[in-house]
Each structure stands twice: as structure tokens, then as C-alpha cells.
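Taking it in order: structure first as C-alpha cells, then the write-up.
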Amino acid sequence: MQLTETVKLYPNKYRTELIKATMSEYISTVNYLVLDAINGRAITKITTADVNAALPSALCNQCIRDAKSIIRKYNKVLRNSDTQVKLPVLKKMCCYINNQNFRINDDCINFPVIINGKSKRISVKTKMSERQKSIFSSSKLGTMRIVVKGHDLVAQIVYDTKEDAASSNDNVMGVDLGIKCPAVSYCPDGSIKFYGNGRKNKYIRRHFNNLRKRFQKKAKKPKAVVKINNKEQRIMKDIDHKLSREIVNTARAHDVSVIKLERLQNIRSTTRTSRKNNHSLHTWSFYRLATFIEYKAKLAGIEVEYVDPAYTSQICPICGSVHHAKDRNYICRCGYQTHRDLLGAINICNSTEYIGNRYTA
Ligand SMILES: [Zn+2]
């Protein structure tokens, strides 16, 4: 499985200029190749010798590869579309360097750029955590992408990671995701766990909403608003990483082979999915948490299955009758009583309404 780690680069002014020049040459070369191909030039036959660019040859190769994949995607869209398709153009400065052409040593990344018309390698300082250092030294690395983020240059490095052997038993864990209660897990052995703090998340969201409002009222300050949004996203993303890690750790501790979740996209008006789907923001945050659980589970050799969310918050697991929970409590005619979110986890765990193994299928 391929994952990405991001590290900030700290080049001096001179090297910053060199890298930025390489990036703009890179995207203009890709755009040029794409345009040529659309105008009828056979892109499959192009070699670095045909590319007239102020780029190290390794990067020329990468440009050709990128252009080919853009053309492939473009042709595919073209085939499946009746209307005009916009010409694919790279706008954001970036460049890709394959694993043969960059080296990571100590706190530096070393890669080629063009200096005075000649390909030369430069070393650029980075800040890597101990965890990143150990990842980079022990994994097979893929391509490195350099992009601009805010005022900084960052390198996004792809690496291969080994997945644990698939679990061989058939233990299942159901997980219900929610707003007030971010996640609840239930295993058939009766073990239950609540995760996260819905009230705190709500408080964070409200805090950032207020900040946004203040800036929007004062004047048009889109930059400040973008900053606030980014900060909020960073915090919520961290929370989701932590939650998903805890959920997968619980699954591991119970020797679970399948984690079951609900997929909320299949909107059924009669069920609580409508409640959860009310806000696109919530749909998005469920999506992110679900995909985090997916990949962390995969790394642990655990499968994720999605089940139909219909009635998972209404059906009684004892007698099978359907009714609504009142407030946070679910009380059935048969005498069965439980916490509303826990009921969801139990029913998801028991559900046989399998609808896929990806959130976006
Ligand atoms: Zn009942």
C-alpha cells in the first residue's frame, strides 16, 4: 500500500529561486507536451531527446510520463462525454522527481535542478520527525512531488508500506459514527467502546465559525478566512486520525477481521441517514473519518465493510420491532433498553446488508 509523508523544505533564497524555476519549467513542459499530443503528435513516441526544456533529463522523463497520463485521462473523459471537454492544463507550480533521482540523507533532500544550463544536484534542508526518518530509511520510496504550500515549499514523498497479514478468524466489530458521539464500537462478545468528544468538536467548530464571521463582517478578508479554514481542517483532521487509530487498535485488541461501518451516501429519506446527511459538512467529516479507518485497518490486515444504514438506529436487536429512540435512549416494547448510538453499533455489527468496501463506491 502506498502512503505519503510531507516534509517542509528550507532552501536559502538562491535555492528557492532554482527550485521555483524548475517547477515552472516542469509544468510548462508538461502543458506543452499535452498540447502537442492533443494537436496530433504521437506522444507515445516522444523521448527526452524530443523535449526541449531546461530540466535535468530525469525530470524530462517524468514530464513525458505525466503528459502521457494526462492524455490518457483526457481521452477517457472525451470518450465518455458528449459535450466539450476542457483542455487539461497544470496551473499550480510543482515538479515530480522519481526515486532514482532524489536522496534523503540526515536532514537534507538531494535532487537535480538546472544551474546555468547544466544539470546539478542541490541539497535542501528539511525538518523531519524521527518517525519520518525511520519511515524513509526503512521503506521503498516512490516519487517525490515538490509543491508550494502557503509561503513554503514542501516535498510530498510516496512510500510503500507493508500490510499486516490478513486476520484469519471471523470476528466482527460494528462502528457507528455520529455527531454527538463521534464513534461507538461494539463486538459480539459484548464489549463496547465510546470514542472522542462530540461536545468538544462542536465547541471547536463554533469557535472557528465565530472567527470566520468576525473577519467576514469587518471587511472582505478572504486570506484570513482561508487561514481560519485551514487551521480548523488541520485540527479536525488530527482528531480524526486519533479516533481512527483508537478504533483500529480496539479492533486489533479484539482480534477482529472485519470492521463494519455504515455508508451514509445512500440516502433513504425514512431513516436517520436523513438526520446525518442534513449537513454536507457532516457528510464530509464522516467521509474523512471513514477513509482514515479504511486505510489504518488495511495496514493492520483488517477489512472494512459498509452496510446499508437503513433502520440501524431503530430496529430492536432482541425482538426485531422498529421504533424511534427518544433523546439519547432507546426503549423497546419488549423491555430492551440501550443508548441510542450504541444501538447503531450493535445493529451495524449484526447487519447482513453489505453494500461495499469503499466509502465512495
Ligand atoms: Zn425489542
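Letters A, B, ... go to the chains of the C-alpha cells in the order shown; residues in each chain start at 1; ligands are counted from 1 in the same order.
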All residues within 6 Å of ligand 1 are required, counting only C-alpha atoms and all ligand atoms; please report them as a PDB file with N, CA, C and O atoms, in the first residue's frame.
ATOM      1  N   CYS A 316     -34.928  -3.141  16.966  1.00  0.00           N
ATOM      2  CA  CYS A 316     -34.546  -3.728  18.243  1.00  0.00           C
ATOM      3  C   CYS A 316     -33.766  -5.019  17.993  1.00  0.00           C
ATOM      4  O   CYS A 316     -34.263  -5.919  17.312  1.00  0.00           O
ATOM      5  N   ILE A 318     -33.225  -7.412  19.853  1.00  0.00           N
ATOM      6  CA  ILE A 318     -33.769  -8.576  20.557  1.00  0.00           C
ATOM      7  C   ILE A 318     -35.020  -9.103  19.851  1.00  0.00           C
ATOM      8  O   ILE A 318     -35.117 -10.265  19.495  1.00  0.00           O
ATOM      9  N   CYS A 319     -36.019  -8.195  19.620  1.00  0.00           N
ATOM     10  CA  CYS A 319     -37.292  -8.672  19.080  1.00  0.00           C
ATOM     11  C   CYS A 319     -37.509  -8.257  17.621  1.00  0.00           C
ATOM     12  O   CYS A 319     -38.446  -8.702  16.986  1.00  0.00           O
ATOM     13  N   GLY A 320     -36.689  -7.388  17.100  1.00  0.00           N
ATOM     14  CA  GLY A 320     -36.786  -7.034  15.686  1.00  0.00           C
ATOM     15  C   GLY A 320     -37.824  -5.984  15.346  1.00  0.00           C
ATOM     16  O   GLY A 320     -37.982  -5.635  14.182  1.00  0.00           O
ATOM     17  N   SER A 321     -38.521  -5.459  16.334  1.00  0.00           N
ATOM     18  CA  SER A 321     -39.504  -4.422  16.012  1.00  0.00           C
ATOM     19  C   SER A 321     -38.798  -3.084  15.806  1.00  0.00           C
ATOM     20  O   SER A 321     -37.679  -2.882  16.261  1.00  0.00           O
ATOM     21  N   CYS A 332     -37.418  -0.392  24.019  1.00  0.00           N
ATOM     22  CA  CYS A 332     -38.306  -1.205  23.188  1.00  0.00           C
ATOM     23  C   CYS A 332     -39.463  -1.743  24.038  1.00  0.00           C
ATOM     24  O   CYS A 332     -39.347  -1.882  25.247  1.00  0.00           O
ATOM     25  N   ARG A 333     -40.565  -2.050  23.331  1.00  0.00           N
ATOM     26  CA  ARG A 333     -41.724  -2.668  23.999  1.00  0.00           C
ATOM     27  C   ARG A 333     -41.340  -3.933  24.748  1.00  0.00           C
ATOM     28  O   ARG A 333     -41.867  -4.253  25.785  1.00  0.00           O
ATOM     29  N   CYS A 334     -40.385  -4.672  24.159  1.00  0.00           N
ATOM     30  CA  CYS A 334     -40.010  -5.957  24.762  1.00  0.00           C
ATOM     31  C   CYS A 334     -39.201  -5.767  26.037  1.00  0.00           C
ATOM     32  O   CYS A 334     -38.831  -6.736  26.697  1.00  0.00           O
ATOM     33  N   TYR A 336     -36.239  -4.201  26.129  1.00  0.00           N
ATOM     34  CA  TYR A 336     -34.836  -3.943  25.832  1.00  0.00           C
ATOM     35  C   TYR A 336     -34.562  -2.448  25.869  1.00  0.00           C
ATOM     36  O   TYR A 336     -35.347  -1.652  25.357  1.00  0.00           O
TER      37      TYR A 336
END
With only C-alpha atoms as the counted atoms, please give the residues lying no more than 12 Å from Ala42 of chain A, apart from itself and same-chain residues fewer than 6 positions off, as number ranges by chain.
A: 33-36, 50, 64, 67-68, 71
For a test of reading the model, state the distance in Å between atom CA of Gln156 of chain A and atom CA of Lys91 of chain A, rounded to one decimal.
17.9 Å
Contacts of segment 10-15 of chain A at 6 Å (only C-alpha atoms; same-chain gap of 3+ positions) as number ranges by chain
A: 18, 124-126
May I have the selected residues written with N, CA and C atoms, as a compact mmCIF listing (two decimals), in the first residue's frame?
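Everything below was put into result.txt:
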# COMPACT_ATOMS: atom_id res chain seq x y z
N LEU A 18 16.02 28.58 -7.66
CA LEU A 18 16.33 27.44 -8.54
C LEU A 18 15.17 26.44 -8.57
N VAL A 124 18.86 20.28 -0.01
CA VAL A 124 17.98 21.24 0.63
C VAL A 124 17.63 20.75 2.03
N LYS A 125 17.73 21.65 2.98
CA LYS A 125 17.42 21.31 4.38
C LYS A 125 15.92 21.06 4.56
N THR A 126 15.61 20.13 5.43
CA THR A 126 14.21 19.85 5.76
C THR A 126 14.08 19.71 7.26
Non-local contacts of Leu243 of chain A (12 Å; only C-alpha atoms; under 6 positions in same chain excluded) as a PyMOL selection string:
chain A and resi 175+177+181-185+193-198+236-237+249-250+286+288-293+296
Please save N, CA, C and O atoms of the selected residues as a JSON list (two decimals), in the first residue's frame.
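File written: part_31.json
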[["chain", "number", "residue", "atom", "x", "y", "z"],
["A", 175, "VAL", "N", -19.08, -0.33, 14.01],
["A", 175, "VAL", "CA", -18.76, 1.02, 14.47],
["A", 175, "VAL", "C", -19.81, 1.99, 13.96],
["A", 175, "VAL", "O", -20.09, 2.04, 12.77],
["A", 177, "LEU", "N", -20.75, 5.91, 13.54],
["A", 177, "LEU", "CA", -20.19, 7.26, 13.57],
["A", 177, "LEU", "C", -21.32, 8.25, 13.78],
["A", 177, "LEU", "O", -22.41, 8.07, 13.23],
["A", 181, "CYS", "N", -21.85, 11.84, 19.50],
["A", 181, "CYS", "CA", -20.94, 10.82, 19.96],
["A", 181, "CYS", "C", -20.15, 10.38, 18.72],
["A", 181, "CYS", "O", -20.68, 9.67, 17.88],
["A", 182, "PRO", "N", -18.92, 10.86, 18.57],
["A", 182, "PRO", "CA", -18.19, 10.68, 17.30],
["A", 182, "PRO", "C", -18.07, 9.23, 16.82],
["A", 182, "PRO", "O", -18.16, 8.98, 15.64],
["A", 183, "ALA", "N", -17.90, 8.28, 17.75],
["A", 183, "ALA", "CA", -17.86, 6.87, 17.34],
["A", 183, "ALA", "C", -18.13, 5.96, 18.52],
["A", 183, "ALA", "O", -17.75, 6.25, 19.66],
["A", 184, "VAL", "N", -18.83, 4.87, 18.24],
["A", 184, "VAL", "CA", -19.07, 3.81, 19.22],
["A", 184, "VAL", "C", -18.76, 2.49, 18.56],
["A", 184, "VAL", "O", -19.15, 2.27, 17.41],
["A", 185, "SER", "N", -18.03, 1.62, 19.25],
["A", 185, "SER", "CA", -17.80, 0.30, 18.66],
["A", 185, "SER", "C", -18.43, -0.77, 19.52],
["A", 185, "SER", "O", -18.59, -0.62, 20.73],
["A", 193, "LYS", "N", -17.12, 0.36, 23.21],
["A", 193, "LYS", "CA", -16.23, 1.49, 23.49],
["A", 193, "LYS", "C", -16.74, 2.75, 22.82],
["A", 193, "LYS", "O", -17.18, 2.71, 21.68],
["A", 194, "PHE", "N", -16.71, 3.84, 23.58],
["A", 194, "PHE", "CA", -17.08, 5.15, 23.04],
["A", 194, "PHE", "C", -15.80, 5.93, 22.74],
["A", 194, "PHE", "O", -14.85, 5.86, 23.50],
["A", 195, "TYR", "N", -15.79, 6.64, 21.62],
["A", 195, "TYR", "CA", -14.59, 7.37, 21.22],
["A", 195, "TYR", "C", -14.88, 8.85, 21.05],
["A", 195, "TYR", "O", -15.96, 9.23, 20.58],
["A", 196, "GLY", "N", -13.88, 9.66, 21.35],
["A", 196, "GLY", "CA", -13.94, 11.08, 21.03],
["A", 196, "GLY", "C", -14.88, 11.86, 21.93],
["A", 196, "GLY", "O", -15.48, 11.31, 22.86],
["A", 197, "ASN", "N", -14.98, 13.13, 21.65],
["A", 197, "ASN", "CA", -15.75, 14.03, 22.47],
["A", 197, "ASN", "C", -16.55, 14.96, 21.57],
["A", 197, "ASN", "O", -16.04, 15.94, 21.06],
["A", 198, "GLY", "N", -17.82, 14.60, 21.36],
["A", 198, "GLY", "CA", -18.66, 15.36, 20.45],
["A", 198, "GLY", "C", -18.85, 16.80, 20.88],
["A", 198, "GLY", "O", -18.88, 17.71, 20.05],
["A", 236, "MET", "N", -9.36, 19.31, 12.94],
["A", 236, "MET", "CA", -10.35, 18.25, 12.80],
["A", 236, "MET", "C", -9.71, 16.98, 12.20],
["A", 236, "MET", "O", -10.08, 15.87, 12.55],
["A", 237, "LYS", "N", -8.75, 17.20, 11.33],
["A", 237, "LYS", "CA", -8.06, 16.07, 10.72],
["A", 237, "LYS", "C", -7.26, 15.30, 11.77],
["A", 237, "LYS", "O", -7.29, 14.07, 11.80],
["A", 249, "ASN", "N", -7.13, 0.16, 16.79],
["A", 249, "ASN", "CA", -6.47, -0.50, 17.92],
["A", 249, "ASN", "C", -7.43, -1.37, 18.71],
["A", 249, "ASN", "O", -7.07, -2.47, 19.14],
["A", 250, "THR", "N", -8.65, -0.89, 18.90],
["A", 250, "THR", "CA", -9.65, -1.71, 19.59],
["A", 250, "THR", "C", -9.92, -2.98, 18.79],
["A", 250, "THR", "O", -9.99, -4.07, 19.34],
["A", 286, "PHE", "N", -17.75, 12.62, 8.09],
["A", 286, "PHE", "CA", -17.89, 11.16, 8.16],
["A", 286, "PHE", "C", -17.02, 10.49, 7.11],
["A", 286, "PHE", "O", -16.39, 9.48, 7.36],
["A", 288, "ARG", "N", -14.26, 11.57, 5.77],
["A", 288, "ARG", "CA", -12.84, 11.59, 6.12],
["A", 288, "ARG", "C", -12.52, 10.56, 7.19],
["A", 288, "ARG", "O", -11.57, 9.79, 7.06],
["A", 289, "LEU", "N", -13.33, 10.53, 8.24],
["A", 289, "LEU", "CA", -13.07, 9.58, 9.32],
["A", 289, "LEU", "C", -13.14, 8.15, 8.77],
["A", 289, "LEU", "O", -12.30, 7.31, 9.08],
["A", 290, "ALA", "N", -14.12, 7.89, 7.91],
["A", 290, "ALA", "CA", -14.28, 6.53, 7.35],
["A", 290, "ALA", "C", -13.06, 6.14, 6.52],
["A", 290, "ALA", "O", -12.56, 5.02, 6.62],
["A", 291, "THR", "N", -12.56, 7.07, 5.70],
["A", 291, "THR", "CA", -11.41, 6.71, 4.86],
["A", 291, "THR", "C", -10.16, 6.53, 5.73],
["A", 291, "THR", "O", -9.33, 5.68, 5.42],
["A", 292, "PHE", "N", -10.03, 7.28, 6.81],
["A", 292, "PHE", "CA", -8.91, 7.07, 7.74],
["A", 292, "PHE", "C", -9.01, 5.67, 8.36],
["A", 292, "PHE", "O", -8.01, 4.96, 8.48],
["A", 293, "ILE", "N", -10.21, 5.29, 8.76],
["A", 293, "ILE", "CA", -10.39, 3.95, 9.34],
["A", 293, "ILE", "C", -10.04, 2.90, 8.29],
["A", 293, "ILE", "O", -9.35, 1.93, 8.57],
["A", 296, "LYS", "N", -6.12, 2.68, 7.80],
["A", 296, "LYS", "CA", -5.43, 2.19, 9.00],
["A", 296, "LYS", "C", -5.78, 0.72, 9.24],
["A", 296, "LYS", "O", -4.95, -0.06, 9.68]]
Wanna dump the segment 129-220 of chain A-segment 105-116 of chain A contacts at 12 Å for me, each residue with its shortest atom pair and the distance in Å to one decimal, counting only C-alpha atoms, ordered by chain and number, as a Markdown table?
| residue | atom | partner | partner_atom | distance |
| --- | --- | --- | --- | --- |
| A:Ser129 | CA | A:Asp107 | CA | 9.6 |
| A:Glu130 | CA | A:Asp107 | CA | 10.5 |
| A:Gln132 | CA | A:Asp107 | CA | 10.7 |
| A:Lys133 | CA | A:Asp106 | CA | 8.1 |
| A:Ser134 | CA | A:Asp106 | CA | 10.9 |
| A:Phe136 | CA | A:Asn105 | CA | 9.6 |
| A:Ser137 | CA | A:Asn105 | CA | 9.0 |
| A:Thr143 | CA | A:Phe111 | CA | 11.8 |
| A:Met144 | CA | A:Phe111 | CA | 9.9 |
| A:Arg145 | CA | A:Phe111 | CA | 11.5 |
| A:Ile146 | CA | A:Phe111 | CA | 10.9 |
| A:Val154 | CA | A:Ile109 | CA | 11.1 |
| A:Ala155 | CA | A:Ile109 | CA | 9.1 |
| A:Gln156 | CA | A:Ile109 | CA | 11.6 |
| A:Ile157 | CA | A:Ile109 | CA | 10.7 |
Go ahead and compute the interatomic distance for atom CA of Cys63 of chain A and atom CA of Val30 of chain A, in Å to one decimal.
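These atoms are spaced 5.3 Å apart.
When DSSP reads the backbone of this structure, the residues of segment 151-259 of chain A it assigns to strand (DSSP E or B) are Asp152, Leu153, Val154, Ala155, Gln156, Ile157, Val158, Tyr159, Asp160, Val172, Met173, Gly174, Val175, Asp176, Leu177, Ala183, Val184, Ser185, Tyr186, Ile192, Lys193, Phe194, Tyr195, Val258 and Ile259 of chain A.
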I'd like to know which of A:Asn52, A:Thr338, A:Asn61, A:Asn39 is closest to Gln314 of chain A, using only C-alpha atoms.
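Using only C-alpha atoms, the shortest distance to Gln314 of chain A belongs to A:Thr338.
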Using only C-alpha atoms, find the one residue out of A:Glu305, A:Leu211, A:Val322, A:Gly174 that sits nearest to Ala251 of chain A.
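Between A:Glu305, A:Leu211, A:Val322, A:Gly174, the residue approaching Ala251 of chain A most closely is A:Gly174.
Pairwise distance (atom CA of Ile135 of chain A, atom CA of Arg252 of chain A) equals 22.0 Å.
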Kindly indicate which residue among A:Arg263, A:His207, A:Lys180, A:Arg214 lies nearest to Asp341 of chain A, using only C-alpha atoms for the distances.
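Smallest separation from Asp341 of chain A among the options: A:Lys180.
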Those in segment 8-183 of chain A with alpha helix (DSSP H) from DSSP, as a ChimeraX atom specification:
/A:13-38,57-79,130-138
